[in-house]
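Just query.cif here, mmCIF, N, CA and C atoms:
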```cif
data_input
#
loop_
_atom_site.label_atom_id
_atom_site.label_comp_id
_atom_site.auth_asym_id
_atom_site.auth_seq_id
_atom_site.Cartn_x
_atom_site.Cartn_y
_atom_site.Cartn_z
N MET A 1 -9.83 20.59 17.76
CA MET A 1 -8.59 19.86 17.77
C MET A 1 -8.49 19.06 16.48
N THR A 2 -7.37 19.17 15.79
CA THR A 2 -7.19 18.41 14.55
C THR A 2 -6.46 17.12 14.85
N GLN A 3 -6.85 16.10 14.14
CA GLN A 3 -6.26 14.79 14.31
C GLN A 3 -5.13 14.62 13.32
N ALA A 4 -4.05 13.97 13.74
CA ALA A 4 -2.92 13.72 12.86
C ALA A 4 -3.36 12.81 11.71
N ARG A 5 -2.82 13.07 10.55
CA ARG A 5 -3.12 12.22 9.40
C ARG A 5 -2.35 10.91 9.50
N LEU A 6 -2.95 9.87 8.96
CA LEU A 6 -2.28 8.58 8.88
C LEU A 6 -1.28 8.61 7.74
N LYS A 7 -0.14 7.97 7.96
CA LYS A 7 0.88 7.88 6.91
C LYS A 7 0.51 6.73 5.98
N LEU A 8 0.25 7.07 4.73
CA LEU A 8 -0.25 6.12 3.74
C LEU A 8 0.87 5.69 2.80
N GLY A 9 0.91 4.40 2.53
CA GLY A 9 1.75 3.85 1.47
C GLY A 9 0.84 3.33 0.38
N MET A 10 1.36 3.20 -0.82
CA MET A 10 0.56 2.69 -1.93
C MET A 10 1.38 1.67 -2.71
N VAL A 11 0.75 0.55 -3.04
CA VAL A 11 1.37 -0.45 -3.91
C VAL A 11 0.56 -0.47 -5.18
N GLY A 12 1.25 -0.21 -6.31
CA GLY A 12 0.58 -0.04 -7.59
C GLY A 12 0.18 1.42 -7.72
N GLY A 13 -0.52 1.73 -8.79
CA GLY A 13 -1.07 3.07 -8.93
C GLY A 13 -0.12 4.13 -9.42
N GLY A 14 0.98 3.73 -10.05
CA GLY A 14 1.93 4.71 -10.57
C GLY A 14 1.38 5.46 -11.77
N THR A 15 2.25 6.23 -12.39
CA THR A 15 1.88 7.06 -13.53
C THR A 15 1.09 6.26 -14.57
N GLY A 16 -0.06 6.78 -14.95
CA GLY A 16 -0.89 6.14 -15.96
C GLY A 16 -1.89 5.13 -15.43
N ALA A 17 -1.83 4.83 -14.14
CA ALA A 17 -2.75 3.86 -13.55
C ALA A 17 -3.99 4.60 -13.05
N PHE A 18 -5.12 4.34 -13.65
CA PHE A 18 -6.36 5.06 -13.33
C PHE A 18 -6.76 4.92 -11.87
N ILE A 19 -6.82 3.69 -11.36
CA ILE A 19 -7.39 3.48 -10.03
C ILE A 19 -6.51 4.04 -8.93
N GLY A 20 -5.20 4.07 -9.16
CA GLY A 20 -4.31 4.68 -8.17
C GLY A 20 -4.61 6.15 -7.98
N ALA A 21 -4.84 6.85 -9.09
CA ALA A 21 -5.18 8.27 -9.02
C ALA A 21 -6.50 8.48 -8.29
N VAL A 22 -7.46 7.59 -8.52
CA VAL A 22 -8.76 7.68 -7.85
C VAL A 22 -8.58 7.52 -6.34
N HIS A 23 -7.78 6.55 -5.93
CA HIS A 23 -7.56 6.33 -4.50
C HIS A 23 -6.82 7.51 -3.86
N ARG A 24 -5.87 8.10 -4.58
CA ARG A 24 -5.16 9.26 -4.04
C ARG A 24 -6.12 10.46 -3.89
N MET A 25 -7.01 10.64 -4.87
CA MET A 25 -8.00 11.72 -4.75
C MET A 25 -8.91 11.49 -3.54
N ALA A 26 -9.36 10.25 -3.36
CA ALA A 26 -10.23 9.93 -2.23
C ALA A 26 -9.50 10.17 -0.91
N ALA A 27 -8.23 9.82 -0.85
CA ALA A 27 -7.45 10.04 0.38
C ALA A 27 -7.33 11.53 0.68
N ARG A 28 -7.16 12.34 -0.36
CA ARG A 28 -7.09 13.80 -0.15
C ARG A 28 -8.45 14.35 0.29
N LEU A 29 -9.52 13.88 -0.33
CA LEU A 29 -10.86 14.35 0.05
C LEU A 29 -11.19 13.98 1.49
N ASP A 30 -10.78 12.79 1.89
CA ASP A 30 -11.03 12.30 3.24
C ASP A 30 -10.23 13.10 4.26
N ASP A 31 -9.08 13.62 3.84
CA ASP A 31 -8.20 14.45 4.67
C ASP A 31 -7.70 13.74 5.92
N CYS A 32 -7.59 12.42 5.85
CA CYS A 32 -7.08 11.64 6.98
C CYS A 32 -5.73 11.00 6.67
N TYR A 33 -5.25 11.14 5.45
CA TYR A 33 -4.05 10.43 5.01
C TYR A 33 -3.05 11.39 4.36
N THR A 34 -1.77 11.04 4.50
CA THR A 34 -0.70 11.69 3.76
C THR A 34 0.11 10.59 3.09
N LEU A 35 0.20 10.63 1.77
CA LEU A 35 0.97 9.63 1.03
C LEU A 35 2.46 9.89 1.27
N VAL A 36 3.15 8.89 1.82
CA VAL A 36 4.57 9.08 2.16
C VAL A 36 5.49 8.04 1.55
N ALA A 37 4.94 6.95 1.00
CA ALA A 37 5.79 5.88 0.46
C ALA A 37 5.01 5.11 -0.60
N GLY A 38 5.73 4.44 -1.47
CA GLY A 38 5.05 3.63 -2.47
C GLY A 38 5.95 2.70 -3.23
N ALA A 39 5.36 1.58 -3.61
CA ALA A 39 5.92 0.68 -4.61
C ALA A 39 4.98 0.85 -5.79
N LEU A 40 5.18 1.94 -6.51
CA LEU A 40 4.21 2.40 -7.50
C LEU A 40 4.31 1.67 -8.83
N SER A 41 5.41 0.97 -9.04
CA SER A 41 5.61 0.17 -10.25
C SER A 41 6.74 -0.81 -10.00
N ALA A 42 6.68 -1.96 -10.65
CA ALA A 42 7.79 -2.92 -10.58
C ALA A 42 8.95 -2.46 -11.46
N ASP A 43 8.67 -1.57 -12.40
CA ASP A 43 9.70 -1.00 -13.26
C ASP A 43 10.38 0.15 -12.50
N ALA A 44 11.69 0.05 -12.29
CA ALA A 44 12.41 1.01 -11.45
C ALA A 44 12.27 2.45 -11.95
N ASP A 45 12.42 2.67 -13.25
CA ASP A 45 12.31 4.03 -13.78
C ASP A 45 10.91 4.60 -13.60
N ARG A 46 9.90 3.78 -13.88
CA ARG A 46 8.52 4.24 -13.72
C ARG A 46 8.19 4.49 -12.25
N ALA A 47 8.69 3.62 -11.36
CA ALA A 47 8.46 3.82 -9.93
C ALA A 47 9.09 5.12 -9.46
N ARG A 48 10.31 5.37 -9.88
CA ARG A 48 11.04 6.58 -9.49
C ARG A 48 10.33 7.83 -10.01
N GLN A 49 9.94 7.80 -11.28
CA GLN A 49 9.24 8.95 -11.88
C GLN A 49 7.89 9.19 -11.21
N SER A 50 7.17 8.12 -10.93
CA SER A 50 5.87 8.26 -10.26
C SER A 50 6.04 8.87 -8.88
N ALA A 51 7.02 8.38 -8.13
CA ALA A 51 7.27 8.90 -6.79
C ALA A 51 7.66 10.37 -6.85
N LEU A 52 8.51 10.71 -7.80
CA LEU A 52 8.94 12.10 -7.97
C LEU A 52 7.75 13.00 -8.28
N SER A 53 6.88 12.55 -9.17
CA SER A 53 5.72 13.37 -9.55
C SER A 53 4.74 13.55 -8.39
N LEU A 54 4.76 12.62 -7.44
CA LEU A 54 3.87 12.71 -6.28
C LEU A 54 4.54 13.36 -5.07
N GLY A 55 5.80 13.75 -5.24
CA GLY A 55 6.51 14.42 -4.16
C GLY A 55 6.99 13.51 -3.05
N LEU A 56 7.16 12.21 -3.35
CA LEU A 56 7.63 11.28 -2.34
C LEU A 56 9.15 11.35 -2.19
N ASP A 57 9.63 11.09 -1.00
CA ASP A 57 11.06 10.99 -0.73
C ASP A 57 11.60 9.81 -1.55
N PRO A 58 12.63 10.02 -2.36
CA PRO A 58 13.17 8.92 -3.18
C PRO A 58 13.56 7.70 -2.35
N ALA A 59 13.95 7.89 -1.10
CA ALA A 59 14.31 6.77 -0.24
C ALA A 59 13.11 5.90 0.11
N ARG A 60 11.91 6.42 -0.14
CA ARG A 60 10.70 5.66 0.19
C ARG A 60 9.94 5.25 -1.06
N SER A 61 10.66 5.23 -2.18
CA SER A 61 10.13 4.72 -3.45
C SER A 61 10.71 3.33 -3.65
N TYR A 62 9.85 2.34 -3.74
CA TYR A 62 10.27 0.94 -3.83
C TYR A 62 9.80 0.35 -5.15
N THR A 63 10.47 -0.71 -5.58
CA THR A 63 10.02 -1.45 -6.76
C THR A 63 9.49 -2.83 -6.37
N ASP A 64 9.60 -3.18 -5.11
CA ASP A 64 9.19 -4.50 -4.64
C ASP A 64 8.33 -4.32 -3.38
N PHE A 65 7.12 -4.85 -3.41
CA PHE A 65 6.21 -4.66 -2.28
C PHE A 65 6.71 -5.33 -1.01
N GLN A 66 7.38 -6.48 -1.14
CA GLN A 66 7.90 -7.16 0.05
C GLN A 66 8.99 -6.31 0.71
N GLN A 67 9.86 -5.75 -0.11
CA GLN A 67 10.90 -4.86 0.41
C GLN A 67 10.25 -3.65 1.10
N MET A 68 9.21 -3.12 0.50
CA MET A 68 8.51 -1.97 1.09
C MET A 68 7.90 -2.34 2.44
N ALA A 69 7.23 -3.47 2.52
CA ALA A 69 6.60 -3.90 3.77
C ALA A 69 7.64 -4.04 4.87
N THR A 70 8.75 -4.68 4.55
CA THR A 70 9.81 -4.89 5.54
C THR A 70 10.44 -3.57 5.97
N ALA A 71 10.78 -2.73 4.99
CA ALA A 71 11.45 -1.46 5.29
C ALA A 71 10.54 -0.51 6.06
N GLU A 72 9.29 -0.41 5.66
CA GLU A 72 8.38 0.52 6.33
C GLU A 72 8.03 0.05 7.74
N ALA A 73 7.93 -1.26 7.95
CA ALA A 73 7.66 -1.79 9.29
C ALA A 73 8.83 -1.52 10.23
N ALA A 74 10.04 -1.45 9.68
CA ALA A 74 11.23 -1.22 10.50
C ALA A 74 11.48 0.26 10.81
N ARG A 75 10.87 1.14 10.06
CA ARG A 75 11.08 2.58 10.26
C ARG A 75 10.28 3.09 11.45
N GLU A 76 10.88 3.99 12.21
CA GLU A 76 10.15 4.63 13.31
C GLU A 76 9.00 5.47 12.76
N ASP A 77 9.21 6.05 11.58
CA ASP A 77 8.17 6.88 10.94
C ASP A 77 7.50 6.14 9.79
N GLY A 78 7.46 4.81 9.89
CA GLY A 78 6.90 3.99 8.81
C GLY A 78 5.41 4.23 8.60
N ILE A 79 4.92 3.73 7.49
CA ILE A 79 3.52 3.92 7.14
C ILE A 79 2.60 3.28 8.18
N ASP A 80 1.43 3.86 8.33
CA ASP A 80 0.40 3.31 9.21
C ASP A 80 -0.48 2.32 8.45
N VAL A 81 -0.67 2.59 7.17
CA VAL A 81 -1.61 1.82 6.35
C VAL A 81 -1.13 1.83 4.91
N VAL A 82 -1.44 0.75 4.20
CA VAL A 82 -1.10 0.67 2.77
C VAL A 82 -2.37 0.50 1.96
N ALA A 83 -2.44 1.18 0.84
CA ALA A 83 -3.53 1.00 -0.13
C ALA A 83 -2.99 0.14 -1.27
N ILE A 84 -3.69 -0.94 -1.57
CA ILE A 84 -3.27 -1.87 -2.62
C ILE A 84 -4.14 -1.63 -3.84
N VAL A 85 -3.51 -1.16 -4.91
CA VAL A 85 -4.22 -0.83 -6.15
C VAL A 85 -3.52 -1.47 -7.35
N THR A 86 -3.06 -2.68 -7.15
CA THR A 86 -2.37 -3.45 -8.19
C THR A 86 -3.39 -4.20 -9.04
N PRO A 87 -2.92 -4.88 -10.09
CA PRO A 87 -3.82 -5.81 -10.78
C PRO A 87 -4.35 -6.87 -9.79
N ASN A 88 -5.54 -7.35 -10.05
CA ASN A 88 -6.25 -8.24 -9.12
C ASN A 88 -5.43 -9.43 -8.64
N HIS A 89 -4.66 -10.05 -9.51
CA HIS A 89 -3.94 -11.27 -9.12
C HIS A 89 -2.84 -11.00 -8.09
N LEU A 90 -2.51 -9.73 -7.85
CA LEU A 90 -1.49 -9.39 -6.86
C LEU A 90 -2.06 -8.93 -5.52
N HIS A 91 -3.36 -8.73 -5.44
CA HIS A 91 -3.95 -8.21 -4.20
C HIS A 91 -3.61 -9.07 -2.99
N ALA A 92 -3.87 -10.37 -3.05
CA ALA A 92 -3.66 -11.24 -1.89
C ALA A 92 -2.19 -11.32 -1.47
N PRO A 93 -1.24 -11.53 -2.39
CA PRO A 93 0.16 -11.58 -1.95
C PRO A 93 0.63 -10.27 -1.31
N VAL A 94 0.19 -9.15 -1.84
CA VAL A 94 0.59 -7.86 -1.27
C VAL A 94 -0.06 -7.68 0.11
N ALA A 95 -1.34 -7.96 0.21
CA ALA A 95 -2.04 -7.84 1.50
C ALA A 95 -1.37 -8.72 2.55
N THR A 96 -1.04 -9.94 2.19
CA THR A 96 -0.39 -10.87 3.11
C THR A 96 0.93 -10.31 3.61
N ALA A 97 1.74 -9.77 2.71
CA ALA A 97 3.05 -9.23 3.09
C ALA A 97 2.91 -8.11 4.12
N PHE A 98 1.96 -7.21 3.89
CA PHE A 98 1.80 -6.09 4.81
C PHE A 98 1.14 -6.51 6.12
N LEU A 99 0.19 -7.43 6.08
CA LEU A 99 -0.39 -7.94 7.32
C LEU A 99 0.68 -8.61 8.17
N GLN A 100 1.53 -9.41 7.54
CA GLN A 100 2.60 -10.09 8.27
C GLN A 100 3.61 -9.09 8.85
N ALA A 101 3.73 -7.92 8.22
CA ALA A 101 4.61 -6.87 8.72
C ALA A 101 3.92 -6.01 9.79
N GLY A 102 2.64 -6.29 10.05
CA GLY A 102 1.90 -5.54 11.06
C GLY A 102 1.37 -4.20 10.60
N ILE A 103 1.22 -4.04 9.29
CA ILE A 103 0.76 -2.78 8.71
C ILE A 103 -0.69 -2.95 8.24
N HIS A 104 -1.53 -1.99 8.59
CA HIS A 104 -2.94 -2.03 8.20
C HIS A 104 -3.07 -1.98 6.68
N VAL A 105 -4.12 -2.62 6.15
CA VAL A 105 -4.28 -2.80 4.70
C VAL A 105 -5.65 -2.30 4.24
N ILE A 106 -5.64 -1.47 3.19
CA ILE A 106 -6.85 -1.12 2.45
C ILE A 106 -6.65 -1.73 1.07
N CYS A 107 -7.48 -2.70 0.72
CA CYS A 107 -7.30 -3.42 -0.54
C CYS A 107 -8.45 -3.14 -1.50
N ASP A 108 -8.09 -2.75 -2.71
CA ASP A 108 -9.09 -2.61 -3.76
C ASP A 108 -9.71 -3.99 -3.98
N LYS A 109 -10.92 -4.05 -4.48
CA LYS A 109 -11.56 -5.34 -4.70
C LYS A 109 -11.12 -5.93 -6.03
N PRO A 110 -11.10 -7.23 -6.15
CA PRO A 110 -11.36 -8.25 -5.14
C PRO A 110 -10.12 -8.47 -4.26
N LEU A 111 -10.33 -9.05 -3.08
CA LEU A 111 -9.21 -9.36 -2.21
C LEU A 111 -8.29 -10.38 -2.85
N SER A 112 -8.88 -11.34 -3.55
CA SER A 112 -8.07 -12.41 -4.14
C SER A 112 -8.75 -12.93 -5.40
N VAL A 113 -8.03 -13.77 -6.09
CA VAL A 113 -8.59 -14.39 -7.30
C VAL A 113 -8.94 -15.85 -7.06
N SER A 114 -8.74 -16.33 -5.83
CA SER A 114 -9.12 -17.71 -5.52
C SER A 114 -9.55 -17.80 -4.05
N LEU A 115 -10.33 -18.80 -3.77
CA LEU A 115 -10.79 -19.01 -2.40
C LEU A 115 -9.61 -19.35 -1.49
N ASP A 116 -8.65 -20.14 -1.98
CA ASP A 116 -7.48 -20.49 -1.18
C ASP A 116 -6.70 -19.24 -0.76
N GLU A 117 -6.52 -18.30 -1.70
CA GLU A 117 -5.83 -17.06 -1.37
C GLU A 117 -6.61 -16.25 -0.33
N ALA A 118 -7.91 -16.23 -0.47
CA ALA A 118 -8.75 -15.48 0.47
C ALA A 118 -8.63 -16.07 1.88
N TRP A 119 -8.66 -17.39 1.99
CA TRP A 119 -8.52 -18.04 3.29
C TRP A 119 -7.14 -17.76 3.88
N HIS A 120 -6.11 -17.76 3.03
CA HIS A 120 -4.76 -17.46 3.51
C HIS A 120 -4.70 -16.03 4.06
N CYS A 121 -5.30 -15.08 3.36
CA CYS A 121 -5.35 -13.69 3.85
C CYS A 121 -6.08 -13.62 5.18
N LYS A 122 -7.17 -14.35 5.28
CA LYS A 122 -7.95 -14.35 6.53
C LYS A 122 -7.10 -14.88 7.69
N ARG A 123 -6.34 -15.94 7.44
CA ARG A 123 -5.47 -16.49 8.48
C ARG A 123 -4.37 -15.48 8.86
N CYS A 124 -3.79 -14.82 7.87
CA CYS A 124 -2.75 -13.81 8.15
C CYS A 124 -3.34 -12.66 8.96
N HIS A 125 -4.54 -12.25 8.59
CA HIS A 125 -5.22 -11.17 9.32
C HIS A 125 -5.48 -11.59 10.76
N ALA A 126 -5.92 -12.82 10.96
CA ALA A 126 -6.24 -13.31 12.30
C ALA A 126 -5.01 -13.36 13.20
N SER A 127 -3.84 -13.58 12.61
CA SER A 127 -2.62 -13.68 13.41
C SER A 127 -1.86 -12.35 13.49
N SER A 128 -2.47 -11.28 12.98
CA SER A 128 -1.84 -9.96 12.96
C SER A 128 -2.66 -8.99 13.80
N ASN A 129 -2.03 -7.94 14.25
CA ASN A 129 -2.76 -6.87 14.93
C ASN A 129 -3.25 -5.82 13.95
N ALA A 130 -3.01 -6.05 12.67
CA ALA A 130 -3.36 -5.07 11.64
C ALA A 130 -4.79 -5.30 11.13
N CYS A 131 -5.40 -4.22 10.68
CA CYS A 131 -6.74 -4.27 10.09
C CYS A 131 -6.64 -4.57 8.60
N LEU A 132 -7.66 -5.22 8.08
CA LEU A 132 -7.77 -5.51 6.65
C LEU A 132 -9.12 -5.00 6.19
N ARG A 133 -9.10 -4.06 5.25
CA ARG A 133 -10.34 -3.49 4.71
C ARG A 133 -10.32 -3.55 3.21
#
```

Write the structure described by the file as structure tokens, please.
Amino acid sequence: MTQARLKLGMVGGGTGAFIGAVHRMAARLDDCYTLVAGALSADADRARQSALSLGLDPARSYTDFQQMATAEAAREDGIDVVAIVTPNHLHAPVATAFLQAGIHVICDKPLSVSLDEAWHCKRCHASSNACLR
């Protein structure tokens, strides 16, 4: 019996971003995920081009992670989990947004750039049904 793949979203990791490509390769090797949505760049043209090159539905290409978290949480077919592969200083704010939306989080290290941000993420995780890894 084959298990259904988890619907994966990605924040960061657009065209030219090394670590995003590494995470996508790992997701394919693991064979448990299907990339279906992304906020792959804050630049609209780069986000659109990145999504197109990855075969994502243009309606699920975002330029703002908060918008993505809200929209995907509201969709019946929304993402199950998000991979955060942004620059380090954005990890905690992105993780917090998705945890608050009830979406599971896989975060590249480090989780945060300050102890205060880490504690805030821990509190968000504690008040959410979502996992943080």

Hits of the PyMOL selection byres ((chain A and resi 51) around 8) in this structure, as a ChimeraX atom specification: /A:14-15,37-38,40-41,45-50,52-58,60-62

Can you list what the PyMOL selection byres ((chain A and resi 20-33) around 7) grabs from this structure, as a PDB file with N, CA and C atoms, keeping the file's coordinate frame?
```pdb
ATOM      1  N   ALA A   4      -4.050  13.970  13.740  1.00  0.00           N
ATOM      2  CA  ALA A   4      -2.920  13.720  12.860  1.00  0.00           C
ATOM      3  C   ALA A   4      -3.360  12.810  11.710  1.00  0.00           C
ATOM      4  N   ARG A   5      -2.820  13.070  10.550  1.00  0.00           N
ATOM      5  CA  ARG A   5      -3.120  12.220   9.400  1.00  0.00           C
ATOM      6  C   ARG A   5      -2.350  10.910   9.500  1.00  0.00           C
ATOM      7  N   LEU A   6      -2.950   9.870   8.960  1.00  0.00           N
ATOM      8  CA  LEU A   6      -2.280   8.580   8.880  1.00  0.00           C
ATOM      9  C   LEU A   6      -1.280   8.610   7.740  1.00  0.00           C
ATOM     10  N   LYS A   7      -0.140   7.970   7.960  1.00  0.00           N
ATOM     11  CA  LYS A   7       0.880   7.880   6.910  1.00  0.00           C
ATOM     12  C   LYS A   7       0.510   6.730   5.980  1.00  0.00           C
ATOM     13  N   LEU A   8       0.250   7.070   4.730  1.00  0.00           N
ATOM     14  CA  LEU A   8      -0.250   6.120   3.740  1.00  0.00           C
ATOM     15  C   LEU A   8       0.870   5.690   2.800  1.00  0.00           C
ATOM     16  N   GLY A  12       1.250  -0.210  -6.310  1.00  0.00           N
ATOM     17  CA  GLY A  12       0.580  -0.040  -7.590  1.00  0.00           C
ATOM     18  C   GLY A  12       0.180   1.420  -7.720  1.00  0.00           C
ATOM     19  N   GLY A  13      -0.520   1.730  -8.790  1.00  0.00           N
ATOM     20  CA  GLY A  13      -1.070   3.070  -8.930  1.00  0.00           C
ATOM     21  C   GLY A  13      -0.120   4.130  -9.420  1.00  0.00           C
ATOM     22  N   GLY A  14       0.980   3.730 -10.050  1.00  0.00           N
ATOM     23  CA  GLY A  14       1.930   4.710 -10.570  1.00  0.00           C
ATOM     24  C   GLY A  14       1.380   5.460 -11.770  1.00  0.00           C
ATOM     25  N   ALA A  17      -1.830   4.830 -14.140  1.00  0.00           N
ATOM     26  CA  ALA A  17      -2.750   3.860 -13.550  1.00  0.00           C
ATOM     27  C   ALA A  17      -3.990   4.600 -13.050  1.00  0.00           C
ATOM     28  N   PHE A  18      -5.120   4.340 -13.650  1.00  0.00           N
ATOM     29  CA  PHE A  18      -6.360   5.060 -13.330  1.00  0.00           C
ATOM     30  C   PHE A  18      -6.760   4.920 -11.870  1.00  0.00           C
ATOM     31  N   ILE A  19      -6.820   3.690 -11.360  1.00  0.00           N
ATOM     32  CA  ILE A  19      -7.390   3.480 -10.030  1.00  0.00           C
ATOM     33  C   ILE A  19      -6.510   4.040  -8.930  1.00  0.00           C
ATOM     34  N   THR A  34      -1.770  11.040   4.500  1.00  0.00           N
ATOM     35  CA  THR A  34      -0.700  11.690   3.760  1.00  0.00           C
ATOM     36  C   THR A  34       0.110  10.590   3.090  1.00  0.00           C
ATOM     37  N   LEU A  35       0.200  10.630   1.770  1.00  0.00           N
ATOM     38  CA  LEU A  35       0.970   9.630   1.030  1.00  0.00           C
ATOM     39  C   LEU A  35       2.460   9.890   1.270  1.00  0.00           C
ATOM     40  N   VAL A  85      -3.510  -1.160  -4.910  1.00  0.00           N
ATOM     41  CA  VAL A  85      -4.220  -0.830  -6.150  1.00  0.00           C
ATOM     42  C   VAL A  85      -3.520  -1.470  -7.350  1.00  0.00           C
TER      43      VAL A  85
END
```

Compare A:Ile103, A:Ala39, A:Val81, A:Ala97 by their minimum atom-to-atom distance to Ala130 (chain A), counting all atoms listed in the file, and give me the closest one. A:Ile103

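In terms of minimum interatomic distance to Pro110 (chain A), A:Asn88 ranks closest within A:Gln3, A:Thr96, A:Asn88, A:Thr70, counting all atoms listed in the file.
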
Using the file's own x, y and z axes, so that the box edges lie along x, y and z, what centre and edge lengths in Å (one decimal) does a box around every listed atom of region 60-76 of chain A get when 5 Å is added on each side? Give it as lines of an AutoDock Vina configuration file.
```
center_x = 9.1
center_y = -0.4
center_z = 3.3
size_x = 15.7
size_y = 23.6
size_z = 30.1
```
